[in-house]
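Here the structure is laid out as structure tokens; the discussion comes afterwards.
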2 protein chains.
Amino acid sequence: MHAEVISIGTELLMGELVDTNSSYLGSELAKLGIDLRWVSKVGDDFDRLKGVIDQAWRRSDVTLTTGGLGPTSDDMTRETIAAVLGEEMTVQEDLLEHLKGLFAGRGTPMPSTNIKQATLIPSAVTIDNPVGTAPGWWVEKDSRLIIAMPGPPRELDRMWTHEVSHQLRERNPNVAIVTRTFKTFGISEGGLNEMIAPLFESENPVLGIYSKVDGIHLRAIATARTDIEARELIGPMEAEIRGAVGDSIWGEDEETPESQVATLMKKRGQSLGIMESFTGGLLASNLAEVPGHREFLRGSIVAGSRDVLQGMGVHRELIDRFGEASPEIAEATALAAREQLGADVGVSVTGLSTGSEESGAPLGTCYTGFAVGDDTSSVAGHYPTRRLRLRGRAATHALVELIRLLSG
Amino acid sequence: MHAEVISIGTELLMGELVDTNSSYLGSELAKLGIDLRWVSKVGDDFDRLKGVIDQAWRRSDVTLTTGGLGPTSDDMTRETIAAVLGEEMTVQEDLLEHLKGLFAGRGTPMPSTNIKQATLIPSAVTIDNPVGTAPGWWVEKDSRLIIAMPGPPRELDRMWTHEVSHQLRERNPNVAIVTRTFKTFGISEGGLNEMIAPLFESENPVLGIYSKVDGIHLRAIATARTDIEARELIGPMEAEIRGAVGDSIWGEDEETPESQVATLMKKRGQSLGIMESFTGGLLASNLAEVPGHREFLRGSIVAGSRDVLQGMGVHRELIDRFGEASPEIAEATALAAREQLGADVGVSVTGLSTGSEESGAPLGTCYTGFAVGDDTSSVAGHYPTRRLRLRGRAATHALVELIRLLSG
């Protein structure tokens, strides 16, 4: 089965919005063993949109569209699909009632422009969208599919995960695709490549290497008739990967540094306190994305100056003697975080991510401190010099190191 | 003049790499007044690539390709362009010498596969690539252009900025494009649309409306023969926009809520202290992206529980009486932030972004408190329910309100 993705919206062509939807769908289609052949971006122009959908309809088994399902006159995905198939859109009473209910729940009357979100053509059925007003369209005709989904990534993600991916999987019942991802930190892409070079020659499972914000990922994709067979194909490759670079692997598949730390802290029944200057609140903010973080995360003190560090219990003489970016201050700050926030485990990220005379160390250098049980320790980090990436790398490094300490 | 962009590479279709090149080119083409009509992503497959380039050649004045200029057999951009135009590729001795020189400089012999990077067809001239081995191709035939550029963003960016954009601009010497963006917060896209509906009918300047993380943006693009004329065209539209929705505009063009707060705080020569629970460190983290933030940002206390709030100077009786998500606690917390961090201005974001019995208010409700001079105040926010977006909205809301208080 081969597929085509069409991302719709003039803002995509103006460069106002980066089209992440087609990348998301590309990686999801790969997991289903569906071959994505073309991706198009097209603006809110009836003739051009119709041309692109018509071409896709003629050449692809499955056409997935995102965007253009909103209520305004710019939103023309439904209209163009109807035109390509030569079918008429009619308002569905049940859909209209549902839509009016959504607006009533928000305490506002439904604008009349939204009526078109309650339409269908004879070849289409709706796809549920519990997180937005625009239902999707599942269009099936002459054994070909057009699946129209909303543009907002949150709505697309929900609709794909809960509805579309299952229905597409059922169309390929004798193909099982199993994907395993091994996530590393601390080795370069080139270094990793060299250490396991022969594995990249394998055709099934096929192995890919990807540089991500939380380190280098290795992804193995195996294809077989059953899940069990596909899993068995990955076994020997996993053993080789773990044998060669196992020490650098901090997680697998959907695991994130944040989710791993949350799991470990909850298992220990302990709480975490942070004091961060280098990361400026990003470490706390990333952990606050994990559901249930209030169970273990006491908080973070974001210190923007030496005065604040001192006010929060790090001795001034120490700071003046060693400088903020030093192992000594990293450990003293981890202890102060634990103390100030009444936590069991303390973590600090010290140093400056922007240039300043105050710090002794070069820009982009930070020290991360840990106070776990009776032990204090620290690790140094040197990161590239673009600010957001720099703080992101430092936050990830702190979490990966904490995972190691808590699991050890 | 209208254009089409083709991003080439199987890794783009697998979703392993987000295609940022076409967004970059889209926003650059808009500045040149060139209308981008189609974007395609296609894999390293000769027939499909040839089909896409052939279609572009037939329908677009300018076709820009990125990727597929490398030395491997997967790289087929040159071959397919030659096939579409029915021309023959021949090795150019001067290009070959230059290429061999690059490799000699690295101390390695040139692999024979690289020879194809030294080829041209009769309709093509090379475009310099000082940061890579692959020169671009500038192909001109029957008054149409195909411009083939490398895929790595660094090489593309260099080639576009130093070569291609100038040459394209020279083709349109009597066109000046001026863009103005007005950034609002607190009105919905639909509401804004309604309030200034007639302006969207204007053809020059053309007005676009975009929903962004920091609110709804209005972007006016004017085209004229000179910069001054284009600016004059925007004047009356700006006056109408400001007349209708001026109160909701917090910034323009490249300004961000963070940069605006930084400018205002530095102008006042004052320092800022934050205490945040709802945003979990994101407010501080966003401000830490602004260069020079250490000049005014004392820090932030990220409070993960009532105990921490209490430990940081918010009275327990108040918290128990009003609940964390309340105007009273928002103001008390802003005062405590100012006090604890020794700052001139205090800001708080209170309430819970995840469900908990602890909070009296519904999920997604927060109160933001301000302590500026002798005044304390607070605003309530109700945000959609996905965690990151929710915290991002709350952080932006706090900054936009602070801009208002500091400018007032």
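Going by the structure tokens order, chains are called A, B, ..., each with residues numbered from 1, while ligands are numbered from 1 in the order shown.
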
Considering only C-alpha atoms, extract the chain B residues located within 7 Å of chain A and return them as number ranges by chain. B: 13-16, 18, 20, 23-24, 26-27, 30, 36-43, 280-282, 284-285, 288-289, 294, 297-305, 308, 341, 387-388

Write a file of the selected residues as a short mmCIF file (atom, residue, chain, number, x, y, z; two decimals), in the first residue's frame, keeping C-alpha atoms.
```
data_model
loop_
_atom_site.label_atom_id
_atom_site.label_comp_id
_atom_site.auth_asym_id
_atom_site.auth_seq_id
_atom_site.Cartn_x
_atom_site.Cartn_y
_atom_site.Cartn_z
CA LEU B 13 9.39 11.07 3.79
CA MET B 14 10.30 8.74 6.67
CA GLY B 15 9.70 11.60 9.08
CA GLU B 16 13.23 11.34 10.40
CA VAL B 18 11.61 17.78 9.44
CA THR B 20 12.63 23.23 7.41
CA SER B 23 9.56 26.93 5.20
CA TYR B 24 12.75 28.96 5.06
CA GLY B 26 8.75 30.19 1.64
CA SER B 27 9.36 33.07 4.01
CA ALA B 30 7.51 36.19 0.27
CA LEU B 36 5.15 30.26 -3.77
CA ARG B 37 2.37 28.01 -5.06
CA TRP B 38 3.47 24.45 -4.44
CA VAL B 39 5.90 22.57 -2.21
CA SER B 40 6.66 18.89 -2.72
CA LYS B 41 8.71 16.40 -0.80
CA VAL B 42 9.86 13.42 -2.79
CA GLY B 43 12.24 10.51 -2.11
CA GLY B 280 6.45 25.23 36.53
CA GLY B 281 9.57 27.19 35.53
CA LEU B 282 8.53 28.00 31.97
CA ALA B 284 11.63 32.04 33.96
CA SER B 285 12.94 29.78 31.21
CA ALA B 288 16.21 33.44 30.21
CA GLU B 289 16.21 33.26 26.39
CA ARG B 294 20.78 38.68 34.08
CA LEU B 297 15.95 38.85 36.20
CA ARG B 298 16.76 37.99 39.81
CA GLY B 299 15.28 34.53 39.52
CA SER B 300 12.21 32.42 40.03
CA ILE B 301 10.97 30.14 42.74
CA VAL B 302 9.13 27.20 41.18
CA ALA B 303 6.79 25.94 43.89
CA GLY B 304 5.54 22.39 43.49
CA SER B 305 3.45 22.30 46.68
CA VAL B 308 7.11 25.23 49.39
CA LEU B 341 14.45 37.35 45.66
CA ARG B 387 -0.22 20.79 29.41
CA LEU B 388 2.61 22.46 27.48
#
```

Over all Cα atoms in order, fit chain B to chain A and jot down the RMSD to one decimal place. 3.6 Å

Would you kindly return, as a PyMOL selection string, each protein, DNA or RNA residue with an atom no farther than 12 Å from any atom of segment 332-336 of chain A, considering only C-alpha atoms and excluding same-chain residues fewer than 3 positions away? chain A and resi 272-277+300-303+306+308-319+322-329+339-351+367-378+398

DSSP alpha helix (DSSP H) residues within segment 103-340 of chain B, listed as a PDB file with C-alpha atoms, in the first residue's frame:
```pdb
ATOM      1  CA  PHE B 103      39.744  17.010  -1.143  1.00  0.00           C
ATOM      2  CA  ALA B 104      43.482  17.626  -1.326  1.00  0.00           C
ATOM      3  CA  GLY B 105      42.969  20.364   1.276  1.00  0.00           C
ATOM      4  CA  ARG B 106      41.420  17.764   3.578  1.00  0.00           C
ATOM      5  CA  PRO B 153      20.418  23.958   5.880  1.00  0.00           C
ATOM      6  CA  ARG B 154      23.777  25.623   6.476  1.00  0.00           C
ATOM      7  CA  GLU B 155      24.801  25.199   2.812  1.00  0.00           C
ATOM      8  CA  LEU B 156      21.368  26.161   1.528  1.00  0.00           C
ATOM      9  CA  ASP B 157      21.221  29.254   3.730  1.00  0.00           C
ATOM     10  CA  ARG B 158      24.667  30.423   2.513  1.00  0.00           C
ATOM     11  CA  MET B 159      23.869  29.804  -1.155  1.00  0.00           C
ATOM     12  CA  SER B 165      18.305  35.753  -3.541  1.00  0.00           C
ATOM     13  CA  HIS B 166      20.326  38.581  -5.154  1.00  0.00           C
ATOM     14  CA  GLN B 167      19.993  37.148  -8.627  1.00  0.00           C
ATOM     15  CA  LEU B 168      16.254  36.667  -8.187  1.00  0.00           C
ATOM     16  CA  ARG B 169      15.836  40.165  -6.795  1.00  0.00           C
ATOM     17  CA  GLU B 170      17.590  41.589  -9.871  1.00  0.00           C
ATOM     18  CA  ARG B 171      14.895  40.031 -12.019  1.00  0.00           C
ATOM     19  CA  GLU B 189      -8.896  34.681  15.925  1.00  0.00           C
ATOM     20  CA  GLY B 190     -12.596  34.709  15.079  1.00  0.00           C
ATOM     21  CA  GLY B 191     -13.232  37.851  17.137  1.00  0.00           C
ATOM     22  CA  LEU B 192     -10.320  39.697  15.553  1.00  0.00           C
ATOM     23  CA  ASN B 193     -11.407  38.546  12.112  1.00  0.00           C
ATOM     24  CA  GLU B 194     -14.851  39.996  12.677  1.00  0.00           C
ATOM     25  CA  MET B 195     -13.629  43.333  14.065  1.00  0.00           C
ATOM     26  CA  ASP B 227      10.318  50.957  -0.019  1.00  0.00           C
ATOM     27  CA  ILE B 228       8.835  54.359   0.814  1.00  0.00           C
ATOM     28  CA  GLU B 229       5.785  53.790  -1.374  1.00  0.00           C
ATOM     29  CA  ALA B 230       5.252  50.352   0.130  1.00  0.00           C
ATOM     30  CA  ARG B 231       5.474  51.803   3.660  1.00  0.00           C
ATOM     31  CA  GLU B 232       2.937  54.481   2.734  1.00  0.00           C
ATOM     32  CA  LEU B 233       0.525  51.830   1.556  1.00  0.00           C
ATOM     33  CA  ILE B 234       0.609  50.190   4.997  1.00  0.00           C
ATOM     34  CA  GLY B 235      -0.003  53.458   6.900  1.00  0.00           C
ATOM     35  CA  PRO B 236      -3.806  53.688   6.517  1.00  0.00           C
ATOM     36  CA  MET B 237      -4.230  49.981   7.226  1.00  0.00           C
ATOM     37  CA  GLU B 238      -2.174  50.291  10.401  1.00  0.00           C
ATOM     38  CA  ALA B 239      -4.329  53.230  11.514  1.00  0.00           C
ATOM     39  CA  GLU B 240      -7.487  51.175  11.010  1.00  0.00           C
ATOM     40  CA  ILE B 241      -6.050  48.187  12.861  1.00  0.00           C
ATOM     41  CA  ARG B 242      -4.901  50.335  15.786  1.00  0.00           C
ATOM     42  CA  GLY B 243      -8.235  52.127  15.905  1.00  0.00           C
ATOM     43  CA  ALA B 244     -10.150  48.875  16.136  1.00  0.00           C
ATOM     44  CA  VAL B 245      -7.939  46.600  18.240  1.00  0.00           C
ATOM     45  CA  PRO B 257       6.716  39.297  25.070  1.00  0.00           C
ATOM     46  CA  GLU B 258      10.076  38.441  26.626  1.00  0.00           C
ATOM     47  CA  SER B 259      12.038  41.082  24.705  1.00  0.00           C
ATOM     48  CA  GLN B 260       9.401  43.701  25.519  1.00  0.00           C
ATOM     49  CA  VAL B 261       9.511  42.947  29.244  1.00  0.00           C
ATOM     50  CA  ALA B 262      13.327  43.014  29.129  1.00  0.00           C
ATOM     51  CA  THR B 263      13.328  46.410  27.390  1.00  0.00           C
ATOM     52  CA  LEU B 264      10.835  47.879  29.870  1.00  0.00           C
ATOM     53  CA  MET B 265      12.597  46.504  32.944  1.00  0.00           C
ATOM     54  CA  LYS B 266      15.988  47.767  31.771  1.00  0.00           C
ATOM     55  CA  LYS B 267      14.523  51.188  30.961  1.00  0.00           C
ATOM     56  CA  ARG B 268      13.186  51.367  34.517  1.00  0.00           C
ATOM     57  CA  LEU B 282       8.528  27.995  31.968  1.00  0.00           C
ATOM     58  CA  LEU B 283       8.066  31.718  32.634  1.00  0.00           C
ATOM     59  CA  ALA B 284      11.628  32.041  33.961  1.00  0.00           C
ATOM     60  CA  SER B 285      12.941  29.779  31.214  1.00  0.00           C
ATOM     61  CA  ASN B 286      11.354  31.900  28.487  1.00  0.00           C
ATOM     62  CA  LEU B 287      12.787  35.094  29.965  1.00  0.00           C
ATOM     63  CA  ARG B 306       1.790  24.394  49.387  1.00  0.00           C
ATOM     64  CA  ASP B 307       4.665  23.559  51.731  1.00  0.00           C
ATOM     65  CA  VAL B 308       7.110  25.227  49.385  1.00  0.00           C
ATOM     66  CA  LEU B 309       4.875  28.298  48.982  1.00  0.00           C
ATOM     67  CA  GLN B 310       4.667  28.510  52.755  1.00  0.00           C
ATOM     68  CA  GLY B 311       8.425  28.014  53.146  1.00  0.00           C
ATOM     69  CA  ARG B 316      -0.457  29.056  55.239  1.00  0.00           C
ATOM     70  CA  GLU B 317      -3.742  30.435  56.595  1.00  0.00           C
ATOM     71  CA  LEU B 318      -4.184  32.442  53.394  1.00  0.00           C
ATOM     72  CA  ILE B 319      -3.477  29.439  51.170  1.00  0.00           C
ATOM     73  CA  ASP B 320      -5.900  27.240  53.114  1.00  0.00           C
ATOM     74  CA  ARG B 321      -8.549  29.948  53.088  1.00  0.00           C
ATOM     75  CA  PHE B 322      -8.439  31.018  49.433  1.00  0.00           C
ATOM     76  CA  PRO B 327      -6.525  36.459  43.292  1.00  0.00           C
ATOM     77  CA  GLU B 328      -5.556  36.701  46.974  1.00  0.00           C
ATOM     78  CA  ILE B 329      -2.834  34.062  46.730  1.00  0.00           C
ATOM     79  CA  ALA B 330      -1.633  35.402  43.378  1.00  0.00           C
ATOM     80  CA  GLU B 331      -1.023  38.811  44.930  1.00  0.00           C
ATOM     81  CA  ALA B 332       0.467  37.432  48.154  1.00  0.00           C
ATOM     82  CA  THR B 333       2.798  35.243  46.067  1.00  0.00           C
ATOM     83  CA  ALA B 334       3.908  38.167  43.885  1.00  0.00           C
ATOM     84  CA  LEU B 335       4.804  40.065  47.083  1.00  0.00           C
ATOM     85  CA  ALA B 336       6.636  37.016  48.445  1.00  0.00           C
ATOM     86  CA  ALA B 337       8.584  36.632  45.164  1.00  0.00           C
ATOM     87  CA  ARG B 338       9.713  40.240  45.375  1.00  0.00           C
ATOM     88  CA  GLU B 339      10.684  39.813  49.015  1.00  0.00           C
ATOM     89  CA  GLN B 340      12.472  36.448  48.753  1.00  0.00           C
TER      90      GLN B 340
END
```

As a VMD selection string, please: all residues of segment 116-314 of chain A that backbone DSSP puts in strand (DSSP E). chain A and resid 119 to 120 124 to 127 136 to 141 144 to 149 176 to 184 206 to 212 215 to 224 249 to 252 272 to 276 297 to 303

Would you mind telling me which residue in B:Val164, B:Leu207, B:Ile187, B:Arg180 lies nearest to Asp253 of chain B when using only C-alpha atoms? B:Arg180

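Across the model, the gap from atom CA of Gly186 of chain B to atom CA of Gly251 of chain B is 13.1 Å.
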
Would you kindly return, as a list of chain:residue names, each protein, DNA or RNA residue with an atom no farther than 10 Å from any atom of Val125 of chain B, considering only C-alpha atoms and excluding same-chain residues fewer than 2 positions away?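 Answer for this query is B:Thr119, B:Leu120, B:Ile121, B:Pro122, B:Ser123, B:Ile127, B:Asp128, B:Pro135, B:Gly136, B:Trp137, B:Trp138, B:Val139, B:Glu140, B:Ile147.
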
Mind pulling up the distance from atom CA of Ala3 of chain A to atom CA of Thr63 of chain A?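 Atom CA of Thr63 of chain A sits 5.7 Å away from atom CA of Ala3 of chain A.
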
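Remark: for Asn129 of chain B, the closest of the candidate residues B:Asp247, B:Glu163, B:Glu255, B:Asp142 is B:Glu163 (distances computed over only C-alpha atoms).
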
Find the residues near segment 82-91 of chain A: any atom within 8 Å, counting only C-alpha atoms, skip ones fewer than 3 places away on the same chain, and give them as a list in words.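 That gives Lys50, Ile53, Asp54, Arg78, Glu79, Leu95, Leu96, Ile115, Lys116, Ala118, Thr119, Leu120, Ile121 and Pro122 of chain A.
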
Can you write just those residues out, N, CA and C atoms, as a JSON list (two decimals), in the first residue's frame?
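Result file part-v5.json:
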```json
[["chain", "number", "residue", "atom", "x", "y", "z"],
["A", 50, "LYS", "N", -7.55, 21.64, -5.55],
["A", 50, "LYS", "CA", -8.27, 20.60, -6.29],
["A", 50, "LYS", "C", -7.31, 19.83, -7.20],
["A", 53, "ILE", "N", -5.22, 17.42, -5.00],
["A", 53, "ILE", "CA", -6.01, 16.29, -4.49],
["A", 53, "ILE", "C", -6.39, 15.35, -5.64],
["A", 54, "ASP", "N", -6.71, 15.90, -6.78],
["A", 54, "ASP", "CA", -7.07, 15.08, -7.93],
["A", 54, "ASP", "C", -5.89, 14.20, -8.36],
["A", 78, "ARG", "N", -12.94, 20.08, 2.37],
["A", 78, "ARG", "CA", -14.16, 19.33, 2.07],
["A", 78, "ARG", "C", -14.66, 19.64, 0.66],
["A", 79, "GLU", "N", -14.72, 20.93, 0.35],
["A", 79, "GLU", "CA", -15.25, 21.36, -0.94],
["A", 79, "GLU", "C", -14.45, 20.76, -2.11],
["A", 95, "LEU", "N", -24.78, 15.58, 13.03],
["A", 95, "LEU", "CA", -23.51, 16.29, 13.20],
["A", 95, "LEU", "C", -23.76, 17.74, 13.62],
["A", 96, "LEU", "N", -24.81, 18.33, 13.04],
["A", 96, "LEU", "CA", -25.12, 19.72, 13.36],
["A", 96, "LEU", "C", -25.52, 19.87, 14.83],
["A", 115, "ILE", "N", -21.44, 25.76, 10.04],
["A", 115, "ILE", "CA", -22.35, 24.72, 9.54],
["A", 115, "ILE", "C", -21.63, 23.74, 8.63],
["A", 116, "LYS", "N", -20.65, 24.24, 7.85],
["A", 116, "LYS", "CA", -20.03, 23.31, 6.90],
["A", 116, "LYS", "C", -19.22, 22.22, 7.57],
["A", 118, "ALA", "N", -20.46, 20.34, 9.59],
["A", 118, "ALA", "CA", -21.44, 19.27, 9.82],
["A", 118, "ALA", "C", -21.89, 18.65, 8.51],
["A", 119, "THR", "N", -21.06, 18.76, 7.45],
["A", 119, "THR", "CA", -21.46, 18.21, 6.15],
["A", 119, "THR", "C", -20.74, 16.91, 5.84],
["A", 120, "LEU", "N", -21.32, 16.14, 4.91],
["A", 120, "LEU", "CA", -20.69, 14.92, 4.39],
["A", 120, "LEU", "C", -21.01, 14.82, 2.90],
["A", 121, "ILE", "N", -20.23, 13.97, 2.21],
["A", 121, "ILE", "CA", -20.59, 13.54, 0.86],
["A", 121, "ILE", "C", -20.94, 12.06, 0.95],
["A", 122, "PRO", "N", -21.62, 11.48, -0.05],
["A", 122, "PRO", "CA", -22.04, 10.08, 0.05],
["A", 122, "PRO", "C", -20.90, 9.10, 0.33]]
```

I want to know what sits within 8 Å of Gly68 of chain A, based on only C-alpha atoms, with residues of the same chain fewer than 4 positions away left out; could you give that as a PyMOL selection string? chain A and resi 8-9+44+74-78+150-151
